[in-house]
Every structure is written in C-alpha cells, then in structure tokens.
Amino acid sequence: MLPSIRCDEHLYSVPKFDLGKSDVRDFMSELRGFHEQFADCFQRSESREHFLKYMVGQFSPLERKSIEPIALAVKEGNVRTLQRFVSDAPWDEDNMIVKYRSFINDDLGSPEGALIFDESGFLKKGEDSIGVARQYCGSIGKVDNCQVGVFAAYASEHGYALVDKRLFIPKQWFTDEYFDRRQKCKLPAHAVFRTKPQLAVEMLTAISKEDVLPFKYVLADSIYGESPDFIAAVEALPGKTYFVSVPEDTLCWLSRSTTLIKEYRWGGQIRKKTILASPDSNPLKVKNLAQNINDYFWYRRQVSEGAKGPVVYEFTRRRVILSAAGLPQKTVWLLIRRTLGDNPEYSFFISNALSSTRLKTLIWLSGLRWAIEQCFEETKTELGMDHYEVRKFPGWQHHMLTCMLAHFFLWHLKIRLGKKSTIHYAVAA
C-alpha cells in the first residue's frame with residue numbers, strides 16, 4: 001500500500017490503483033486499440049499479433065505467466081513461435097519507448113513529477129541466463145542466484161508507472177571465461193560493464209534529453225545516494241531536486257570547517273594539498289549526530305496507513321556539510337527518520353533542496369519512493385514480471401518492456417474512465 005501523504009501547497013498524494021474488472025466493458029477492444037499505437041515498431045504482421053497475445057497472457061488469470069503457459073492458453077498460440085518472438089524477433093524498442101513515455105506524459109505528466117530509481121532482483125536457477133550470478137536479491141533480502149534489473153519509475157499526483165529499465169550485468173560476465181555465454185545470450189558486442197548507478201545515470205540522461213516527461217524531483221536509495229556520478233548527473237540538470245538515502249556512516253559537519261593549503265616536498269618537487277586547519281575538527285557520522293539530537297527537535301508524523309494500522313515515525317533535519325576525502329564538500333539537507341520506542345532504528349536522506357525548504361516537504365519526499373516499490377509489487381503479482389524464463393539479453397528487454405506497457409495500460413483505463421481513488425491524508429509538519 002502506498003503511503004497516504006497530506007496534499008498541501010505543491011505537495012500531492014500519489015493515488016492508489018483501484019480499477020476492477022467490472023469497471024471495463026470491452027477490455028480486449030481497448031487493448032487492441034493500445035497495441036495499434038505500436039504497429040510500426042514491428043516488421044511483420046505476425047509479430048504484431050504475437051505482441052498482443054503475449055500481453056493478453058499477462059492479463060490472464062494464469063498462475064504462471066511465462067511463455068509456454070501463455071502460448072497454450074491464448075487462442076492460436078504456439079510455444080516455439082512465441083519464444084522466437086520474445087527472444088529473437090526484431091523490435092524497434094527505441095521507437096516503442098518514445099511512444100510509451102509520451103503516453104505516460106499524456107496521462108500522468110506533471111511539472112511536480114518525480115523520477116525514482118531502484119533495482120529489483122529476479123531469482124533464477126542455473127548459470128545460462130544473461131547476467132545471472134550470486135548477488136544481492138532485494139526481493140528476498142539476501143545473496144542468491146539471480147538477475148538484477150535497474151528501473152526508473154515516474155510518479156505524480158495522477159499515478160505511477162515504470163518508464164525505463166536496464167539489466168545489470170555483473171563484472172565477471174565480461175571476462176574471457178564468459179565469452180561463450182555472452183554469445184549464446186546475445187549480449188551486444190559493444191556492451192561494457194556498468195555499475196547500477198551508472199545505469200541509472202544512463203536512464204536519467206536519456207529521459208532528460210528526450211524532454212517528454214516533465215519532472216522536478218529525483219529519488220533513489222543509498223546505492224545511488226553514495227554515487228558521486230549519480231549525484232553529479234542530477235546536479236547538472238537545472239532546477240532538479242534530488243532526495244536520496246545515505247548510509248549511517250556518512251560523514252558530515254554541522255558547520256563548515258576551515259581549510260588551508262599546505263606545501264610539501266615530493267620527489268624533489270614542491271607540491272600543495274588542502275588540509276583541515278584544525279586536526280580536531282573531524283566530521284561526524286550521521287548516526288552519531290542523530291543519537292545526540294534532543295527529543296525537543298523530533299517531530300512525530302504519520303506517513304502511511306499500513307496493514308496493521310498507521311505507520312508513524314519521528315523526523316528531524318539539519319543543514320550539514322558533507323565530507324569528501326576528509327574535506328568539507330557541499331551543503332545539503334539531512335533528513336533523519338527514526339522509529340518509535342526505546343531502541344529506535346534510523347534512516348538518513350540527503351537533498352539539494354533549497355535552504356528555505358520546509359520539513360514537511362522533505363517528509364513528503366521520503367514517502368514518494370514507495371511508488372516504485374508499488375510498481376514492482378503490481379507487475380510481479382498481477383502481470384508475471386518475475387515469471388519469465390527467457391535466457392537471452394533481447395528476451396529480458398522485451399519481457400520487461402511488455403510488463404511496463406501492460407501496467408501503464410491499466411493506469412490509462414483508470415484515468416480514461418475517471419475513476420477516483422479514496423485518499424486518506426496523514427498529518428504533515
């Protein structure tokens with residue numbers, strides 16, 4: 001369930017998806033109308049029909065929505081031809097993505113929109129699927145044999161949708177040992193290793209250059225919050241505000257420490273380096289900072305309505321100077337969230353929001369990231385996002401794209417029919 005945040009000033013609540021089967025009279029007719037928008041993205045009429053059949057299978061009540069059950073369930077389906085379509089047939093994916101994001105803008109676009117970046121893991125057996133390795137799988141919270149995708153979602157006062165994706169290929173896949181596997185999985189020859197933050201930067205840059213989806217905020221978890229490349233990419237975009245998680249050992253100062261230039265001799269040459277003027281002015285870990293803040297400064301706020309009742313945290317904020325290589329760097333907002341009770345757990349977020357930004361805005365941003373989690377939840381439980389059995393790189397891309405399109409199609413129906421959600425407002429600062 002998405003958090004229900006107070007709608008105040010420029011702040012908004014992201015509506016829940018609440019469309020039921022009884023709300024749509026002729027689902028298949030509308031789905032065909034949606035598919036016709038992508039007709040020029042396929043070279044053959046057979047591919048266009050397979051595209052429709054595959055998405056029909058995703059909407060079906062099948063328990064397992066992989067290629068074989070879908071092919072056996074849909075009218076005139078054929079397992080082998082559907083497998084070839086998903087993994088080997090040419091798709092004009094670039095054209096599809098441009099069209100898709102323009103549709104998202106039509107229905108969900110907002111100047112106050114947010115781009116949200118996060119990854120999702122997909123458990124896999126064996127070693128032959130593209131990018132599979134023993135790595136951290138967020139869906140089960142531990143290391144296991146899986147694939148990991150990095151995704152971008154869009155959220156606004158009108159709804160939420162996934163808008164881009166990248167498959168994370170672990171570094172070992174680019175070694176000579178994996179050459180045959182790369183060939184079998186059709187990994188493009190020009191592919192090189194990219195970290196998850198670098199993949200997120202690729203998506204952020206593409207969406208920004210495309211200039212179709214309006215957005216003001218960029219949100220991500222600590223993998224991206226720790227990445228200088230990711231932060232620099234957001235800061236390079238005029239007028240964009242980032243709000244990212246950071247780990248508890250992030251170092252900062254409450255006031256800017258004085259630095260000086262020190263000369264030293266190295267290899268017979270005089271060199272210079274910047275050092276702290278006072279060796280005693282060491283930075284603090286944000287967790288130590290949080291534990292020493294008096295209760296007077298903590299604000300208790302309800303941020304969502306959970307399955308077991310209201311979800312309540314306490315929040316405080318500070319303007320801090322981040323440490324980079326032991327030296328003062330940029331000034332940012334630090335938002336600290338803690339659970340209630342005698343032994344609270346802390347979460348930390350930083351933002352380049354204006355110094356005039358109020359606490360309630362930062363609290364609101366701390367809840368927006370749950371929209372991408374809702375995207376994962378809905379596409380996995382309802383559309384078979386994690387049911388796929390394709391092994392090739394194009395197959396993974398095509399499956400994820402159809403999941404994204406199918407999920408958005410349902411949102412389009414909700415918006416087209418003007419179905420209103422019941423929104424419960426929480427107290428904000």
# chains A, B, ... in the order shown; residues from 1 in each chain; ligands from 1
>>> residues_around(residues="stretch 278-291 of chain A", least_positions_apart="3", cutoff="6 Å", atoms="only C-alpha atoms", output="ChimeraX atom specification")
/A:248-253
>>> write_last_selection(atoms="N, CA and C atoms", output="short mmCIF file (atom, residue, chain, number, x, y, z; two decimals), in the first residue's frame")
data_model
loop_
_atom_site.label_atom_id
_atom_site.label_comp_id
_atom_site.auth_asym_id
_atom_site.auth_seq_id
_atom_site.Cartn_x
_atom_site.Cartn_y
_atom_site.Cartn_z
N GLU A 248 24.41 5.01 7.30
CA GLU A 248 24.57 5.62 8.62
C GLU A 248 25.99 6.08 8.91
N ASP A 249 26.97 5.61 8.12
CA ASP A 249 28.35 6.05 8.36
C ASP A 249 28.76 7.23 7.47
N THR A 250 27.80 7.85 6.81
CA THR A 250 28.07 9.05 6.03
C THR A 250 28.63 10.14 6.95
N LEU A 251 29.69 10.80 6.52
CA LEU A 251 30.37 11.80 7.34
C LEU A 251 29.95 13.22 6.98
N CYS A 252 29.82 14.06 8.00
CA CYS A 252 29.39 15.44 7.75
C CYS A 252 29.84 16.35 8.90
N TRP A 253 29.73 17.64 8.67
CA TRP A 253 29.92 18.67 9.69
C TRP A 253 28.65 19.49 9.82
#
>>> select_by_dssp(residues="stretch 242-325 of chain A", states="helix (DSSP H, G or I)", output="PyMOL selection string")
chain A and resi 286-291+295-297
>>> select_by_dssp(residues="stretch 19-252 of chain A", states="strand (DSSP E)", output="PyMOL selection string")
chain A and resi 114-123+133-137+142-156+159-168+217-220+241-246+251-252
>>> atom_distance(atom1="atom CA of A:Pro90", atom2="atom CA of A:Lys75")
23.0 Å
>>> residues_around(residues="stretch 177-193 of chain A", least_positions_apart="6", cutoff="6 Å", atoms="only C-alpha atoms", output="number ranges by chain")
A: 130, 171, 392-393
>>> residues_around(residues="A:Gly77", least_positions_apart="3", cutoff="12 Å", atoms="only C-alpha atoms", output="VMD selection string")
chain A and resid 46 49 to 54 56 to 57 67 to 74 80 to 83 85
>>> write_last_selection(atoms="N, CA, C and O atoms", output="JSON list (two decimals), in the first residue's frame")
[["chain", "number", "residue", "atom", "x", "y", "z"],
["A", 46, "GLU", "N", 2.79, -10.86, -38.19],
["A", 46, "GLU", "CA", 2.81, -11.95, -37.22],
["A", 46, "GLU", "C", 3.37, -11.48, -35.89],
["A", 46, "GLU", "O", 2.87, -11.85, -34.83],
["A", 49, "GLU", "N", 0.81, -9.55, -33.96],
["A", 49, "GLU", "CA", -0.18, -10.41, -33.32],
["A", 49, "GLU", "C", 0.41, -11.14, -32.11],
["A", 49, "GLU", "O", -0.25, -11.29, -31.09],
["A", 50, "HIS", "N", 1.66, -11.56, -32.22],
["A", 50, "HIS", "CA", 2.32, -12.20, -31.07],
["A", 50, "HIS", "C", 2.45, -11.22, -29.91],
["A", 50, "HIS", "O", 2.31, -11.60, -28.74],
["A", 51, "PHE", "N", 2.72, -9.97, -30.22],
["A", 51, "PHE", "CA", 2.83, -8.94, -29.20],
["A", 51, "PHE", "C", 1.52, -8.82, -28.42],
["A", 51, "PHE", "O", 1.52, -8.73, -27.19],
["A", 52, "LEU", "N", 0.42, -8.85, -29.15],
["A", 52, "LEU", "CA", -0.89, -8.78, -28.50],
["A", 52, "LEU", "C", -1.14, -10.03, -27.65],
["A", 52, "LEU", "O", -1.58, -9.95, -26.50],
["A", 53, "LYS", "N", -0.84, -11.21, -28.21],
["A", 53, "LYS", "CA", -1.09, -12.45, -27.49],
["A", 53, "LYS", "C", -0.28, -12.52, -26.19],
["A", 53, "LYS", "O", -0.77, -12.99, -25.17],
["A", 54, "TYR", "N", 0.96, -12.06, -26.27],
["A", 54, "TYR", "CA", 1.81, -12.13, -25.09],
["A", 54, "TYR", "C", 1.24, -11.25, -23.97],
["A", 54, "TYR", "O", 1.20, -11.67, -22.80],
["A", 56, "VAL", "N", -1.91, -10.33, -23.69],
["A", 56, "VAL", "CA", -3.17, -10.95, -23.26],
["A", 56, "VAL", "C", -2.87, -12.00, -22.18],
["A", 56, "VAL", "O", -3.57, -12.10, -21.17],
["A", 57, "GLY", "N", -1.81, -12.77, -22.40],
["A", 57, "GLY", "CA", -1.41, -13.77, -21.41],
["A", 57, "GLY", "C", -1.03, -13.15, -20.09],
["A", 57, "GLY", "O", -1.30, -13.70, -19.02],
["A", 67, "ILE", "N", 6.27, -17.96, -21.04],
["A", 67, "ILE", "CA", 5.89, -18.11, -22.45],
["A", 67, "ILE", "C", 5.05, -19.35, -22.71],
["A", 67, "ILE", "O", 4.01, -19.28, -23.38],
["A", 68, "GLU", "N", 5.47, -20.50, -22.19],
["A", 68, "GLU", "CA", 4.74, -21.73, -22.51],
["A", 68, "GLU", "C", 3.30, -21.72, -22.01],
["A", 68, "GLU", "O", 2.37, -21.99, -22.80],
["A", 69, "PRO", "N", 3.03, -21.41, -20.74],
["A", 69, "PRO", "CA", 1.62, -21.36, -20.31],
["A", 69, "PRO", "C", 0.81, -20.32, -21.09],
["A", 69, "PRO", "O", -0.37, -20.58, -21.40],
["A", 70, "ILE", "N", 1.42, -19.18, -21.42],
["A", 70, "ILE", "CA", 0.69, -18.17, -22.20],
["A", 70, "ILE", "C", 0.34, -18.70, -23.57],
["A", 70, "ILE", "O", -0.80, -18.58, -24.04],
["A", 71, "ALA", "N", 1.32, -19.31, -24.25],
["A", 71, "ALA", "CA", 1.09, -19.82, -25.61],
["A", 71, "ALA", "C", 0.02, -20.90, -25.63],
["A", 71, "ALA", "O", -0.78, -20.99, -26.57],
["A", 72, "LEU", "N", -0.02, -21.73, -24.59],
["A", 72, "LEU", "CA", -1.02, -22.80, -24.54],
["A", 72, "LEU", "C", -2.41, -22.29, -24.17],
["A", 72, "LEU", "O", -3.41, -22.95, -24.45],
["A", 73, "ALA", "N", -2.46, -21.12, -23.55],
["A", 73, "ALA", "CA", -3.75, -20.60, -23.08],
["A", 73, "ALA", "C", -4.43, -19.67, -24.08],
["A", 73, "ALA", "O", -5.66, -19.64, -24.15],
["A", 74, "VAL", "N", -3.66, -18.90, -24.86],
["A", 74, "VAL", "CA", -4.27, -17.94, -25.78],
["A", 74, "VAL", "C", -4.69, -18.62, -27.07],
["A", 74, "VAL", "O", -4.15, -19.66, -27.46],
["A", 80, "ARG", "N", 6.72, -22.41, -29.59],
["A", 80, "ARG", "CA", 8.00, -22.12, -30.22],
["A", 80, "ARG", "C", 8.00, -20.77, -30.93],
["A", 80, "ARG", "O", 8.97, -20.02, -30.84],
["A", 81, "THR", "N", 6.92, -20.45, -31.62],
["A", 81, "THR", "CA", 6.89, -19.17, -32.32],
["A", 81, "THR", "C", 6.84, -18.00, -31.34],
["A", 81, "THR", "O", 7.43, -16.95, -31.59],
["A", 82, "LEU", "N", 6.16, -18.19, -30.20],
["A", 82, "LEU", "CA", 6.12, -17.11, -29.20],
["A", 82, "LEU", "C", 7.49, -16.95, -28.55],
["A", 82, "LEU", "O", 7.92, -15.82, -28.26],
["A", 83, "GLN", "N", 8.20, -18.06, -28.35],
["A", 83, "GLN", "CA", 9.56, -17.97, -27.81],
["A", 83, "GLN", "C", 10.47, -17.20, -28.76],
["A", 83, "GLN", "O", 11.26, -16.34, -28.33],
["A", 85, "PHE", "N", 9.57, -15.02, -30.96],
["A", 85, "PHE", "CA", 9.15, -13.62, -30.99],
["A", 85, "PHE", "C", 9.74, -12.83, -29.83],
["A", 85, "PHE", "O", 10.27, -11.73, -30.01]]
>>> atom_distance(atom1="atom CA of A:Ile231", atom2="atom CA of A:Lys142")
26.6 Å
>>> closest_atom_pairs(of="stretch 233-294 of chain A", to="stretch 211-216 of chain A", cutoff="8 Å", atoms="only C-alpha atoms", output="tab-separated table")
residue	atom	partner	partner_atom	distance
A:Gly239	CA	A:Lys216	CA	6.9
A:Lys240	CA	A:Lys216	CA	5.0
A:Thr241	CA	A:Lys216	CA	6.2
>>> residues_around(residues="stretch 145-158 of chain A", least_positions_apart="5", cutoff="6 Å", atoms="only C-alpha atoms", output="JSON, numbers by chain")
{"A": [12, 13, 14, 108, 113, 114, 115, 116, 117, 118, 119, 120, 121, 122, 123, 124, 131, 132, 133, 134, 163, 164, 165, 166, 167, 168, 372]}
>>> write_last_selection(atoms="N, CA and C atoms", output="mmCIF file, in the first residue's frame")
data_model
loop_
_atom_site.group_PDB
_atom_site.id
_atom_site.type_symbol
_atom_site.label_atom_id
_atom_site.label_comp_id
_atom_site.auth_asym_id
_atom_site.auth_seq_id
_atom_site.Cartn_x
_atom_site.Cartn_y
_atom_site.Cartn_z
ATOM 1 N N TYR A 12 1.553 16.530 -3.073
ATOM 2 C CA TYR A 12 0.398 15.774 -3.548
ATOM 3 C C TYR A 12 0.470 14.346 -3.054
ATOM 4 N N SER A 13 -0.669 13.676 -3.064
ATOM 5 C CA SER A 13 -0.738 12.255 -2.776
ATOM 6 C C SER A 13 -0.724 11.493 -4.089
ATOM 7 N N VAL A 14 0.028 10.425 -4.143
ATOM 8 C CA VAL A 14 0.005 9.545 -5.300
ATOM 9 C C VAL A 14 -1.186 8.608 -5.144
ATOM 10 N N LEU A 108 -0.102 10.988 -17.014
ATOM 11 C CA LEU A 108 0.469 11.161 -15.682
ATOM 12 C C LEU A 108 1.362 12.385 -15.546
ATOM 13 N N GLY A 113 6.379 16.236 -11.089
ATOM 14 C CA GLY A 113 6.605 14.797 -11.142
ATOM 15 C C GLY A 113 7.960 14.394 -10.583
ATOM 16 N N ALA A 114 8.081 13.118 -10.252
ATOM 17 C CA ALA A 114 9.323 12.583 -9.689
ATOM 18 C C ALA A 114 9.794 11.383 -10.488
ATOM 19 N N LEU A 115 11.089 11.341 -10.768
ATOM 20 C CA LEU A 115 11.734 10.139 -11.289
ATOM 21 C C LEU A 115 12.322 9.386 -10.115
ATOM 22 N N ILE A 116 12.079 8.090 -10.061
ATOM 23 C CA ILE A 116 12.530 7.272 -8.944
ATOM 24 C C ILE A 116 13.349 6.111 -9.498
ATOM 25 N N PHE A 117 14.527 5.894 -8.933
ATOM 26 C CA PHE A 117 15.406 4.833 -9.403
ATOM 27 C C PHE A 117 15.577 3.777 -8.312
ATOM 28 N N ASP A 118 15.497 2.523 -8.740
ATOM 29 C CA ASP A 118 15.663 1.421 -7.788
ATOM 30 C C ASP A 118 15.917 0.159 -8.596
ATOM 31 N N GLU A 119 16.399 -0.877 -7.926
ATOM 32 C CA GLU A 119 16.628 -2.144 -8.609
ATOM 33 C C GLU A 119 15.699 -3.204 -8.051
ATOM 34 N N SER A 120 15.503 -4.257 -8.843
ATOM 35 C CA SER A 120 14.681 -5.379 -8.408
ATOM 36 C C SER A 120 15.365 -6.661 -8.850
ATOM 37 N N GLY A 121 15.356 -7.668 -7.953
ATOM 38 C CA GLY A 121 16.004 -8.936 -8.248
ATOM 39 C C GLY A 121 15.019 -9.986 -8.713
ATOM 40 N N PHE A 122 15.520 -10.926 -9.532
ATOM 41 C CA PHE A 122 14.699 -11.998 -10.083
ATOM 42 C C PHE A 122 15.454 -13.312 -9.898
ATOM 43 N N LEU A 123 14.965 -14.153 -8.990
ATOM 44 C CA LEU A 123 15.624 -15.423 -8.705
ATOM 45 C C LEU A 123 15.654 -16.311 -9.939
ATOM 46 N N LYS A 124 16.811 -16.943 -10.195
ATOM 47 C CA LYS A 124 16.965 -17.802 -11.357
ATOM 48 C C LYS A 124 17.760 -19.048 -10.978
ATOM 49 N N GLY A 131 23.365 -12.333 -17.432
ATOM 50 C CA GLY A 131 23.563 -11.532 -16.231
ATOM 51 C C GLY A 131 23.330 -12.246 -14.919
ATOM 52 N N VAL A 132 23.031 -13.548 -14.951
ATOM 53 C CA VAL A 132 22.750 -14.251 -13.699
ATOM 54 C C VAL A 132 24.047 -14.462 -12.923
ATOM 55 N N ALA A 133 23.964 -14.347 -11.619
ATOM 56 C CA ALA A 133 25.128 -14.526 -10.737
ATOM 57 C C ALA A 133 24.636 -14.573 -9.302
ATOM 58 N N ARG A 134 25.502 -14.996 -8.408
ATOM 59 C CA ARG A 134 25.185 -14.893 -6.988
ATOM 60 C C ARG A 134 25.415 -13.444 -6.590
ATOM 61 N N VAL A 163 9.196 3.611 -16.315
ATOM 62 C CA VAL A 163 9.441 4.336 -17.558
ATOM 63 C C VAL A 163 10.731 3.925 -18.266
ATOM 64 N N ASP A 164 11.578 3.130 -17.621
ATOM 65 C CA ASP A 164 12.792 2.655 -18.286
ATOM 66 C C ASP A 164 13.385 1.519 -17.478
ATOM 67 N N LYS A 165 14.296 0.775 -18.118
ATOM 68 C CA LYS A 165 14.908 -0.369 -17.447
ATOM 69 C C LYS A 165 16.272 -0.661 -18.047
ATOM 70 N N ARG A 166 17.152 -1.238 -17.224
ATOM 71 C CA ARG A 166 18.457 -1.713 -17.642
ATOM 72 C C ARG A 166 18.748 -3.006 -16.885
ATOM 73 N N LEU A 167 19.292 -3.991 -17.572
ATOM 74 C CA LEU A 167 19.721 -5.218 -16.907
ATOM 75 C C LEU A 167 21.145 -5.028 -16.405
ATOM 76 N N PHE A 168 21.363 -5.253 -15.113
ATOM 77 C CA PHE A 168 22.702 -5.162 -14.546
ATOM 78 C C PHE A 168 23.471 -6.421 -14.906
ATOM 79 N N ILE A 372 7.727 3.311 -6.637
ATOM 80 C CA ILE A 372 8.396 2.320 -7.486
ATOM 81 C C ILE A 372 8.268 0.926 -6.877
#
>>> residues_around(residues="A:Glu235", least_positions_apart="6", cutoff="12 Å", atoms="only C-alpha atoms", output="number ranges by chain")
A: 201, 204-205, 216-218, 228-229, 241-243, 330, 351-353
>>> residues_around(residues="A:Gly395", least_positions_apart="3", cutoff="8 Å", atoms="only C-alpha atoms", output="PyMOL selection string")
chain A and resi 86-88+390-392+398-399
>>> closest_residue(among="A:Val143, A:Ala232, A:Leu335, A:Cys137", to="A:Lys360", atoms="only C-alpha atoms")
A:Leu335
>>> decode(residues="stretch 232-246 of chain A", atoms="N, CA, C and O atoms", output="mmCIF file, in the first residue's frame")
data_model
loop_
_atom_site.group_PDB
_atom_site.id
_atom_site.type_symbol
_atom_site.label_atom_id
_atom_site.label_comp_id
_atom_site.auth_asym_id
_atom_site.auth_seq_id
_atom_site.Cartn_x
_atom_site.Cartn_y
_atom_site.Cartn_z
ATOM 1 N N ALA A 232 26.148 13.936 -9.368
ATOM 2 C CA ALA A 232 26.606 14.943 -10.333
ATOM 3 C C ALA A 232 25.683 15.021 -11.534
ATOM 4 O O ALA A 232 25.435 16.108 -12.072
ATOM 5 N N ALA A 233 25.141 13.871 -11.963
ATOM 6 C CA ALA A 233 24.239 13.856 -13.116
ATOM 7 C C ALA A 233 22.955 14.624 -12.815
ATOM 8 O O ALA A 233 22.435 15.344 -13.672
ATOM 9 N N VAL A 234 22.439 14.484 -11.601
ATOM 10 C CA VAL A 234 21.232 15.235 -11.219
ATOM 11 C C VAL A 234 21.553 16.720 -11.100
ATOM 12 O O VAL A 234 20.798 17.578 -11.581
ATOM 13 N N GLU A 235 22.671 17.029 -10.466
ATOM 14 C CA GLU A 235 23.046 18.431 -10.264
ATOM 15 C C GLU A 235 23.300 19.155 -11.585
ATOM 16 O O GLU A 235 23.176 20.383 -11.656
ATOM 17 N N ALA A 236 23.630 18.398 -12.629
ATOM 18 C CA ALA A 236 23.863 19.008 -13.936
ATOM 19 C C ALA A 236 22.569 19.415 -14.628
ATOM 20 O O ALA A 236 22.602 20.124 -15.642
ATOM 21 N N LEU A 237 21.427 18.964 -14.089
ATOM 22 C CA LEU A 237 20.125 19.289 -14.680
ATOM 23 C C LEU A 237 19.541 20.497 -13.946
ATOM 24 O O LEU A 237 19.248 20.406 -12.752
ATOM 25 N N PRO A 238 19.354 21.612 -14.601
ATOM 26 C CA PRO A 238 18.854 22.827 -13.930
ATOM 27 C C PRO A 238 17.478 22.607 -13.295
ATOM 28 O O PRO A 238 16.589 21.999 -13.899
ATOM 29 N N GLY A 239 17.328 23.087 -12.083
ATOM 30 C CA GLY A 239 16.023 23.085 -11.435
ATOM 31 C C GLY A 239 15.563 21.751 -10.893
ATOM 32 O O GLY A 239 14.403 21.616 -10.477
ATOM 33 N N LYS A 240 16.437 20.741 -10.853
ATOM 34 C CA LYS A 240 16.040 19.428 -10.344
ATOM 35 C C LYS A 240 16.508 19.249 -8.902
ATOM 36 O O LYS A 240 17.605 19.669 -8.530
ATOM 37 N N THR A 241 15.668 18.614 -8.110
ATOM 38 C CA THR A 241 15.960 18.379 -6.699
ATOM 39 C C THR A 241 16.129 16.888 -6.470
ATOM 40 O O THR A 241 15.239 16.105 -6.805
ATOM 41 N N TYR A 242 17.258 16.497 -5.916
ATOM 42 C CA TYR A 242 17.413 15.082 -5.582
ATOM 43 C C TYR A 242 17.115 14.861 -4.109
ATOM 44 O O TYR A 242 17.296 15.746 -3.262
ATOM 45 N N PHE A 243 16.644 13.668 -3.815
ATOM 46 C CA PHE A 243 16.373 13.232 -2.443
ATOM 47 C C PHE A 243 16.754 11.763 -2.398
ATOM 48 O O PHE A 243 16.063 10.916 -2.965
ATOM 49 N N VAL A 244 17.877 11.457 -1.748
ATOM 50 C CA VAL A 244 18.422 10.104 -1.798
ATOM 51 C C VAL A 244 18.779 9.611 -0.407
ATOM 52 O O VAL A 244 19.133 10.383 0.483
ATOM 53 N N SER A 245 18.696 8.308 -0.226
ATOM 54 C CA SER A 245 19.127 7.694 1.034
ATOM 55 C C SER A 245 20.648 7.657 1.088
ATOM 56 O O SER A 245 21.319 7.566 0.056
ATOM 57 N N VAL A 246 21.175 7.703 2.296
ATOM 58 C CA VAL A 246 22.613 7.531 2.509
ATOM 59 C C VAL A 246 22.806 6.612 3.702
ATOM 60 O O VAL A 246 21.942 6.514 4.579
#
